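*Asks:* You'll find final.cif just under this line, and it carries mmCIF, N, CA and C atoms.
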```
data_my_file
loop_
_atom_site.label_atom_id
_atom_site.label_comp_id
_atom_site.auth_asym_id
_atom_site.auth_seq_id
_atom_site.Cartn_x
_atom_site.Cartn_y
_atom_site.Cartn_z
N MET K 251 121.67 113.59 116.64
CA MET K 251 121.11 114.57 115.73
C MET K 251 120.48 115.66 116.57
N THR K 252 120.83 116.87 116.27
CA THR K 252 120.33 117.99 117.07
C THR K 252 118.95 118.43 116.59
N ARG K 253 118.28 119.21 117.40
CA ARG K 253 116.95 119.74 117.07
C ARG K 253 117.02 120.60 115.82
N LYS K 254 118.11 121.34 115.67
CA LYS K 254 118.28 122.21 114.51
C LYS K 254 118.37 121.38 113.22
N GLU K 255 119.10 120.27 113.27
CA GLU K 255 119.22 119.40 112.10
C GLU K 255 117.87 118.78 111.74
N ILE K 256 117.11 118.38 112.75
CA ILE K 256 115.79 117.81 112.50
C ILE K 256 114.88 118.85 111.86
N ASN K 257 114.87 120.07 112.38
CA ASN K 257 114.04 121.13 111.80
C ASN K 257 114.44 121.44 110.36
N ASN K 258 115.73 121.38 110.07
CA ASN K 258 116.21 121.63 108.71
C ASN K 258 115.69 120.55 107.76
N ILE K 259 115.71 119.29 108.18
CA ILE K 259 115.19 118.20 107.36
C ILE K 259 113.70 118.40 107.11
N LEU K 260 112.96 118.76 108.15
CA LEU K 260 111.52 118.94 108.01
C LEU K 260 111.17 120.08 107.05
N LYS K 261 111.97 121.13 107.07
CA LYS K 261 111.71 122.28 106.18
C LYS K 261 112.06 121.96 104.74
N THR K 262 113.23 121.35 104.51
CA THR K 262 113.68 121.13 103.14
C THR K 262 112.95 119.99 102.44
N GLU K 263 112.48 119.00 103.19
CA GLU K 263 111.84 117.84 102.58
C GLU K 263 110.35 117.76 102.89
N SER K 264 109.79 118.80 103.45
CA SER K 264 108.38 118.87 103.83
C SER K 264 107.91 117.59 104.52
N GLY K 265 108.49 117.34 105.67
CA GLY K 265 108.16 116.15 106.44
C GLY K 265 107.45 116.47 107.72
N ILE K 266 107.13 115.41 108.46
CA ILE K 266 106.48 115.55 109.76
C ILE K 266 107.17 114.64 110.76
N ILE K 267 107.03 114.98 112.03
CA ILE K 267 107.52 114.13 113.10
C ILE K 267 106.34 113.27 113.53
N LEU K 268 106.46 111.97 113.32
CA LEU K 268 105.39 111.06 113.71
C LEU K 268 105.35 110.87 115.21
N LEU K 269 106.51 110.82 115.85
CA LEU K 269 106.56 110.62 117.29
C LEU K 269 107.85 111.21 117.82
N GLU K 270 107.74 111.88 118.96
CA GLU K 270 108.92 112.41 119.64
C GLU K 270 108.70 112.26 121.14
N LYS K 271 109.66 111.63 121.80
CA LYS K 271 109.54 111.43 123.23
C LYS K 271 110.92 111.37 123.85
N GLU K 272 110.99 111.60 125.14
CA GLU K 272 112.27 111.57 125.82
C GLU K 272 112.77 110.14 125.91
N SER K 273 114.07 109.98 125.82
CA SER K 273 114.68 108.66 125.95
C SER K 273 114.58 108.19 127.39
N GLU K 274 114.55 106.87 127.56
CA GLU K 274 114.54 106.32 128.90
C GLU K 274 115.94 106.35 129.47
N GLN K 275 116.04 106.30 130.77
CA GLN K 275 117.34 106.35 131.43
C GLN K 275 118.04 105.02 131.30
N SER K 276 119.37 105.08 131.10
CA SER K 276 120.16 103.87 131.15
C SER K 276 120.46 103.56 132.62
N PHE K 277 121.04 102.40 132.89
CA PHE K 277 121.34 102.00 134.25
C PHE K 277 122.25 103.01 134.94
N PHE K 278 123.30 103.44 134.23
CA PHE K 278 124.24 104.37 134.83
C PHE K 278 123.65 105.76 135.01
N GLU K 279 122.78 106.15 134.12
CA GLU K 279 122.10 107.44 134.28
C GLU K 279 121.17 107.42 135.48
N ALA K 280 120.53 106.30 135.73
CA ALA K 280 119.65 106.19 136.89
C ALA K 280 120.45 106.28 138.19
N ILE K 281 121.60 105.63 138.24
CA ILE K 281 122.47 105.71 139.42
C ILE K 281 122.98 107.13 139.60
N PHE K 282 123.41 107.73 138.50
CA PHE K 282 123.95 109.08 138.54
C PHE K 282 122.91 110.09 139.00
N SER K 283 121.65 109.88 138.60
CA SER K 283 120.61 110.84 138.96
C SER K 283 120.27 110.82 140.44
N ASN K 284 120.67 109.79 141.15
CA ASN K 284 120.37 109.70 142.58
C ASN K 284 121.48 110.26 143.46
N TRP K 285 122.55 110.75 142.89
CA TRP K 285 123.62 111.34 143.68
C TRP K 285 123.21 112.71 144.19
N VAL K 286 124.13 113.39 144.81
CA VAL K 286 123.85 114.70 145.40
C VAL K 286 123.26 115.68 144.39
N SER K 287 122.62 116.70 144.89
CA SER K 287 121.88 117.62 144.03
C SER K 287 122.76 118.35 143.03
N VAL K 288 124.00 118.65 143.34
CA VAL K 288 124.87 119.34 142.39
C VAL K 288 125.11 118.45 141.17
N LEU K 289 125.37 117.19 141.42
CA LEU K 289 125.56 116.27 140.30
C LEU K 289 124.27 116.07 139.53
N SER K 290 123.16 116.10 140.23
CA SER K 290 121.86 115.97 139.56
C SER K 290 121.60 117.16 138.64
N ALA K 291 122.02 118.33 139.05
CA ALA K 291 121.87 119.51 138.19
C ALA K 291 122.70 119.36 136.93
N LEU K 292 123.92 118.86 137.06
CA LEU K 292 124.76 118.61 135.88
C LEU K 292 124.12 117.54 135.00
N TYR K 293 123.57 116.53 135.62
CA TYR K 293 122.90 115.47 134.89
C TYR K 293 121.73 116.04 134.08
N PHE K 294 120.96 116.92 134.67
CA PHE K 294 119.82 117.52 133.99
C PHE K 294 120.26 118.26 132.73
N LEU K 295 121.39 118.94 132.80
CA LEU K 295 121.88 119.69 131.65
C LEU K 295 122.33 118.77 130.52
N THR K 296 122.81 117.58 130.85
CA THR K 296 123.27 116.66 129.81
C THR K 296 122.19 115.68 129.38
N ARG K 297 121.06 115.67 130.01
CA ARG K 297 120.02 114.67 129.78
C ARG K 297 119.20 114.88 128.52
N LYS K 298 119.22 115.98 127.90
CA LYS K 298 118.34 116.35 126.79
C LYS K 298 118.44 115.38 125.61
N LYS K 299 118.07 114.12 125.82
CA LYS K 299 118.11 113.13 124.76
C LYS K 299 116.69 112.78 124.36
N LEU K 300 116.45 112.73 123.05
CA LEU K 300 115.12 112.46 122.53
C LEU K 300 115.13 111.28 121.58
N ASN K 301 113.99 110.63 121.47
CA ASN K 301 113.74 109.62 120.45
C ASN K 301 112.73 110.22 119.50
N SER K 302 112.97 110.07 118.20
CA SER K 302 112.07 110.66 117.22
C SER K 302 111.87 109.70 116.05
N LEU K 303 110.69 109.77 115.47
CA LEU K 303 110.38 109.08 114.23
C LEU K 303 109.94 110.14 113.24
N ILE K 304 110.73 110.33 112.18
CA ILE K 304 110.49 111.41 111.23
C ILE K 304 110.18 110.81 109.86
N LEU K 305 109.15 111.34 109.23
CA LEU K 305 108.74 110.91 107.91
C LEU K 305 108.74 112.11 106.98
N THR K 306 109.47 112.00 105.88
CA THR K 306 109.44 113.04 104.85
C THR K 306 108.94 112.40 103.56
N GLU K 307 108.87 113.17 102.50
CA GLU K 307 108.41 112.63 101.23
C GLU K 307 109.40 111.61 100.66
N ASN K 308 110.67 111.71 101.05
CA ASN K 308 111.70 110.86 100.47
C ASN K 308 112.36 109.89 101.43
N ARG K 309 112.13 110.03 102.73
CA ARG K 309 112.83 109.14 103.65
C ARG K 309 112.15 109.03 105.01
N ILE K 310 112.60 108.00 105.73
CA ILE K 310 112.16 107.77 107.10
C ILE K 310 113.41 107.74 107.96
N ILE K 311 113.35 108.45 109.09
CA ILE K 311 114.48 108.52 110.01
C ILE K 311 113.99 108.14 111.40
N LEU K 312 114.66 107.18 112.02
CA LEU K 312 114.39 106.80 113.39
C LEU K 312 115.60 107.20 114.22
N ILE K 313 115.38 108.12 115.17
CA ILE K 313 116.45 108.65 116.00
C ILE K 313 116.25 108.13 117.42
N ILE K 314 117.27 107.46 117.95
CA ILE K 314 117.24 106.94 119.31
C ILE K 314 118.36 107.61 120.09
N ARG K 315 118.00 108.26 121.17
CA ARG K 315 118.96 108.96 122.04
C ARG K 315 119.85 109.92 121.23
N ASN K 316 119.20 110.71 120.38
CA ASN K 316 119.83 111.76 119.56
C ASN K 316 120.80 111.22 118.51
N LYS K 317 120.76 109.93 118.23
CA LYS K 317 121.61 109.35 117.19
C LYS K 317 120.72 108.64 116.18
N ILE K 318 121.08 108.75 114.91
CA ILE K 318 120.30 108.11 113.86
C ILE K 318 120.45 106.60 113.98
N TYR K 319 119.33 105.94 114.21
CA TYR K 319 119.31 104.49 114.36
C TYR K 319 119.00 103.83 113.01
N VAL K 320 118.00 104.35 112.29
CA VAL K 320 117.62 103.86 110.97
C VAL K 320 117.32 105.05 110.08
N GLU K 321 117.86 105.03 108.88
CA GLU K 321 117.51 106.03 107.88
C GLU K 321 117.37 105.32 106.54
N ARG K 322 116.24 105.48 105.92
CA ARG K 322 115.98 104.82 104.64
C ARG K 322 115.44 105.85 103.67
N ILE K 323 116.06 105.94 102.50
CA ILE K 323 115.66 106.87 101.46
C ILE K 323 114.80 106.11 100.44
N PHE K 324 113.70 106.72 100.03
CA PHE K 324 112.77 106.12 99.08
C PHE K 324 112.68 106.98 97.84
N ILE K 325 112.34 106.35 96.72
CA ILE K 325 112.12 107.09 95.48
C ILE K 325 110.71 107.67 95.48
N GLY K 326 109.74 106.88 95.87
CA GLY K 326 108.37 107.35 95.96
C GLY K 326 107.57 106.45 96.88
N ILE K 327 107.07 107.00 97.94
CA ILE K 327 106.30 106.22 98.91
C ILE K 327 104.87 106.07 98.37
N GLU K 328 104.45 104.82 98.16
CA GLU K 328 103.11 104.56 97.66
C GLU K 328 102.10 104.39 98.79
N SER K 329 102.51 103.67 99.85
CA SER K 329 101.59 103.49 100.97
C SER K 329 102.36 103.36 102.27
N LEU K 330 101.69 103.75 103.35
CA LEU K 330 102.25 103.68 104.70
C LEU K 330 101.23 103.01 105.60
N ASN K 331 101.72 102.14 106.49
CA ASN K 331 100.82 101.49 107.43
C ASN K 331 101.58 101.26 108.73
N TYR K 332 100.94 101.62 109.84
CA TYR K 332 101.53 101.35 111.14
C TYR K 332 100.82 100.16 111.76
N ASN K 333 101.56 99.11 112.10
CA ASN K 333 101.02 97.93 112.74
C ASN K 333 101.30 98.03 114.23
N GLY K 334 100.29 98.36 115.02
CA GLY K 334 100.46 98.55 116.45
C GLY K 334 100.75 97.27 117.21
N ASN K 335 100.26 96.13 116.70
CA ASN K 335 100.50 94.86 117.38
C ASN K 335 101.97 94.45 117.31
N LYS K 336 102.56 94.63 116.15
CA LYS K 336 103.98 94.27 115.96
C LYS K 336 104.91 95.44 116.22
N SER K 337 104.35 96.62 116.38
CA SER K 337 105.10 97.86 116.54
C SER K 337 106.07 98.05 115.38
N THR K 338 105.51 98.02 114.17
CA THR K 338 106.30 98.22 112.95
C THR K 338 105.62 99.23 112.05
N LEU K 339 106.45 99.92 111.29
CA LEU K 339 105.97 100.83 110.26
C LEU K 339 106.24 100.16 108.92
N GLU K 340 105.19 99.93 108.15
CA GLU K 340 105.31 99.24 106.87
C GLU K 340 105.17 100.25 105.74
N VAL K 341 106.15 100.24 104.83
CA VAL K 341 106.21 101.20 103.73
C VAL K 341 106.28 100.43 102.42
N THR K 342 105.44 100.82 101.46
CA THR K 342 105.51 100.25 100.12
C THR K 342 106.08 101.31 99.20
N ASP K 343 107.15 100.93 98.48
CA ASP K 343 107.85 101.84 97.58
C ASP K 343 108.11 101.11 96.28
N GLN K 344 107.42 101.51 95.22
CA GLN K 344 107.58 100.91 93.90
C GLN K 344 107.54 99.39 93.96
N ASN K 345 106.45 98.86 94.50
CA ASN K 345 106.18 97.43 94.62
C ASN K 345 107.14 96.68 95.54
N GLN K 346 107.92 97.37 96.32
CA GLN K 346 108.76 96.75 97.33
C GLN K 346 108.20 97.13 98.68
N LYS K 347 108.17 96.18 99.60
CA LYS K 347 107.61 96.43 100.92
C LYS K 347 108.74 96.38 101.94
N PHE K 348 108.82 97.43 102.75
CA PHE K 348 109.82 97.52 103.80
C PHE K 348 109.11 97.60 105.14
N SER K 349 109.73 97.02 106.15
CA SER K 349 109.16 97.02 107.48
C SER K 349 110.21 97.55 108.45
N PHE K 350 109.83 98.55 109.24
CA PHE K 350 110.74 99.16 110.20
C PHE K 350 110.27 98.85 111.62
N PRO K 351 111.04 98.08 112.38
CA PRO K 351 110.63 97.80 113.76
C PRO K 351 110.81 99.04 114.63
N LEU K 352 109.80 99.33 115.43
CA LEU K 352 109.81 100.51 116.30
C LEU K 352 109.83 100.12 117.77
N ASN K 353 110.31 98.92 118.07
CA ASN K 353 110.33 98.43 119.44
C ASN K 353 111.17 99.32 120.36
N LYS K 354 112.23 99.89 119.84
CA LYS K 354 113.11 100.73 120.65
C LYS K 354 112.39 101.97 121.18
N LEU K 355 111.32 102.39 120.51
CA LEU K 355 110.58 103.57 120.96
C LEU K 355 109.62 103.27 122.10
N ARG K 356 109.28 102.01 122.30
CA ARG K 356 108.32 101.60 123.34
C ARG K 356 107.05 102.44 123.26
N ILE K 357 106.37 102.30 122.17
CA ILE K 357 105.21 103.12 121.85
C ILE K 357 104.00 102.70 122.69
N THR K 358 103.36 103.69 123.32
CA THR K 358 102.15 103.45 124.10
C THR K 358 100.94 103.44 123.18
N TYR K 359 99.80 103.09 123.74
CA TYR K 359 98.56 103.05 122.96
C TYR K 359 98.21 104.43 122.43
N GLU K 360 98.33 105.46 123.25
CA GLU K 360 98.02 106.83 122.82
C GLU K 360 98.97 107.29 121.72
N GLU K 361 100.26 106.95 121.87
CA GLU K 361 101.23 107.32 120.84
C GLU K 361 100.95 106.57 119.54
N SER K 362 100.48 105.34 119.65
CA SER K 362 100.11 104.55 118.48
C SER K 362 98.97 105.21 117.71
N LYS K 363 97.97 105.69 118.43
CA LYS K 363 96.87 106.39 117.79
C LYS K 363 97.36 107.68 117.12
N LEU K 364 98.27 108.38 117.78
CA LEU K 364 98.82 109.61 117.22
C LEU K 364 99.60 109.33 115.93
N ILE K 365 100.37 108.27 115.91
CA ILE K 365 101.13 107.90 114.71
C ILE K 365 100.17 107.61 113.56
N LYS K 366 99.13 106.83 113.82
CA LYS K 366 98.16 106.51 112.77
C LYS K 366 97.49 107.76 112.23
N GLN K 367 97.14 108.68 113.11
CA GLN K 367 96.50 109.93 112.70
C GLN K 367 97.45 110.75 111.82
N LYS K 368 98.71 110.86 112.23
CA LYS K 368 99.67 111.65 111.46
C LYS K 368 99.99 110.99 110.12
N LEU K 369 100.00 109.66 110.07
CA LEU K 369 100.20 108.97 108.80
C LEU K 369 99.06 109.27 107.83
N ASN K 370 97.83 109.27 108.34
CA ASN K 370 96.69 109.62 107.49
C ASN K 370 96.79 111.05 106.98
N GLU K 371 97.16 111.98 107.85
CA GLU K 371 97.33 113.37 107.44
C GLU K 371 98.43 113.50 106.39
N PHE K 372 99.52 112.78 106.57
CA PHE K 372 100.62 112.84 105.63
C PHE K 372 100.21 112.31 104.26
N MET K 373 99.51 111.19 104.23
CA MET K 373 99.09 110.60 102.96
C MET K 373 98.05 111.48 102.27
N ASN K 374 97.15 112.10 103.04
CA ASN K 374 96.15 113.00 102.46
C ASN K 374 96.80 114.25 101.89
N ARG K 375 97.82 114.75 102.56
CA ARG K 375 98.55 115.93 102.11
C ARG K 375 99.31 115.64 100.84
N LYS K 376 99.77 114.41 100.71
CA LYS K 376 100.57 114.00 99.55
C LYS K 376 99.74 113.88 98.28
N LYS K 377 98.45 113.61 98.42
CA LYS K 377 97.57 113.39 97.25
C LYS K 377 97.27 114.64 96.50
#
```
What is this file in structure tokens?

*Replies:*
Amino acid sequence: MTRKEINNILKTESGIILLEKESEQSFFEAIFSNWVSVLSALYFLTRKKLNSLILTENRIILIIRNKIYVERIFIGIESLNYNGNKSTLEVTDQNQKFSFPLNKLRITYEESKLIKQKLNEFMNRKK
């Protein structure tokens, strides 16, 4: 998913990005990055991969390495909770509870605090 597509979703559905960070290197990317400088320059141009967690009024999108990993559409989000111990995002929608594992994002303590803050802002904005 490109940056332009993400911005379009955020504008049309009035959403926020809960977390955005660069993807970690795969084994082959790490080997490739240690080759000669010309190849490293080419690698830099192709490296622009991001992980994102996007929350809108109607859906949650988890993007890993610029590809949609999880996308869930909701009718009406009643409550949101981030569990930092389990690294999950818990969503209640019309008396149904959904849990989204965020282990692939490898969320740090600071990022966890940022997610909780943005969830509070999102819920306050929704009221």

*Asks:* If the box runs along x, y and z of the file and leaves 3 Å on each side of region 253-259 of chain K, what are its centre and edge lengths in Å, one decimal, as JSON?

*Replies:*
```
{"center_x": 116.5, "center_y": 120.0, "center_z": 112.3, "size_x": 11.5, "size_y": 10.4, "size_z": 16.3}
```

*Asks:* Name the residues of chain K that come out as strand (DSSP E) in a backbone DSSP run; write them as a ChimeraX atom specification.

*Replies:* /K:266-272,300-305,309-314,317-323,327-333,338-343,346-351

*Asks:* What gap, in Å, lies between CA of Asn316 (chain K) and CA of Pro351 (chain K)?

*Replies:*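 Going from CA of Asn316 (chain K) over to CA of Pro351 (chain K) covers 17.7 Å.
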
*Asks:* Residues picked by the PyMOL selection byres ((chain K and resi 343) around 6) here, as a list in words?

*Replies:*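 Taken on the displayed file, the PyMOL selection byres ((chain K and resi 343) around 6) yields the residues Gly326, Ile327, Glu328, Ser329, Val341, Thr342, Gln344, Asn345, Gln346, Lys347 and Phe348 of chain K.
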
*Asks:* Around the point (107.9, 114.3, 109.7) (coordinates from the file), which residues reach within 6.5 Å if we count all atoms listed in the file? Answer as a PDB file with N, CA and C atoms, in the frame of the given file.

*Replies:*
```pdb
ATOM      1  N   LEU K 260     112.960 118.760 108.150  1.00  0.00           N
ATOM      2  CA  LEU K 260     111.520 118.940 108.010  1.00  0.00           C
ATOM      3  C   LEU K 260     111.170 120.080 107.050  1.00  0.00           C
ATOM      4  N   SER K 264     109.790 118.800 103.450  1.00  0.00           N
ATOM      5  CA  SER K 264     108.380 118.870 103.830  1.00  0.00           C
ATOM      6  C   SER K 264     107.910 117.590 104.520  1.00  0.00           C
ATOM      7  N   GLY K 265     108.490 117.340 105.670  1.00  0.00           N
ATOM      8  CA  GLY K 265     108.160 116.150 106.440  1.00  0.00           C
ATOM      9  C   GLY K 265     107.450 116.470 107.720  1.00  0.00           C
ATOM     10  N   ILE K 266     107.130 115.410 108.460  1.00  0.00           N
ATOM     11  CA  ILE K 266     106.480 115.550 109.760  1.00  0.00           C
ATOM     12  C   ILE K 266     107.170 114.640 110.760  1.00  0.00           C
ATOM     13  N   ILE K 267     107.030 114.980 112.030  1.00  0.00           N
ATOM     14  CA  ILE K 267     107.520 114.130 113.100  1.00  0.00           C
ATOM     15  C   ILE K 267     106.340 113.270 113.530  1.00  0.00           C
ATOM     16  N   LEU K 268     106.460 111.970 113.320  1.00  0.00           N
ATOM     17  CA  LEU K 268     105.390 111.060 113.710  1.00  0.00           C
ATOM     18  C   LEU K 268     105.350 110.870 115.210  1.00  0.00           C
ATOM     19  N   LEU K 303     110.690 109.770 115.470  1.00  0.00           N
ATOM     20  CA  LEU K 303     110.380 109.080 114.230  1.00  0.00           C
ATOM     21  C   LEU K 303     109.940 110.140 113.240  1.00  0.00           C
ATOM     22  N   ILE K 304     110.730 110.330 112.180  1.00  0.00           N
ATOM     23  CA  ILE K 304     110.490 111.410 111.230  1.00  0.00           C
ATOM     24  C   ILE K 304     110.180 110.810 109.860  1.00  0.00           C
ATOM     25  N   LEU K 305     109.150 111.340 109.230  1.00  0.00           N
ATOM     26  CA  LEU K 305     108.740 110.910 107.910  1.00  0.00           C
ATOM     27  C   LEU K 305     108.740 112.110 106.980  1.00  0.00           C
ATOM     28  N   THR K 306     109.470 112.000 105.880  1.00  0.00           N
ATOM     29  CA  THR K 306     109.440 113.040 104.850  1.00  0.00           C
ATOM     30  C   THR K 306     108.940 112.400 103.560  1.00  0.00           C
TER      31      THR K 306
END
```
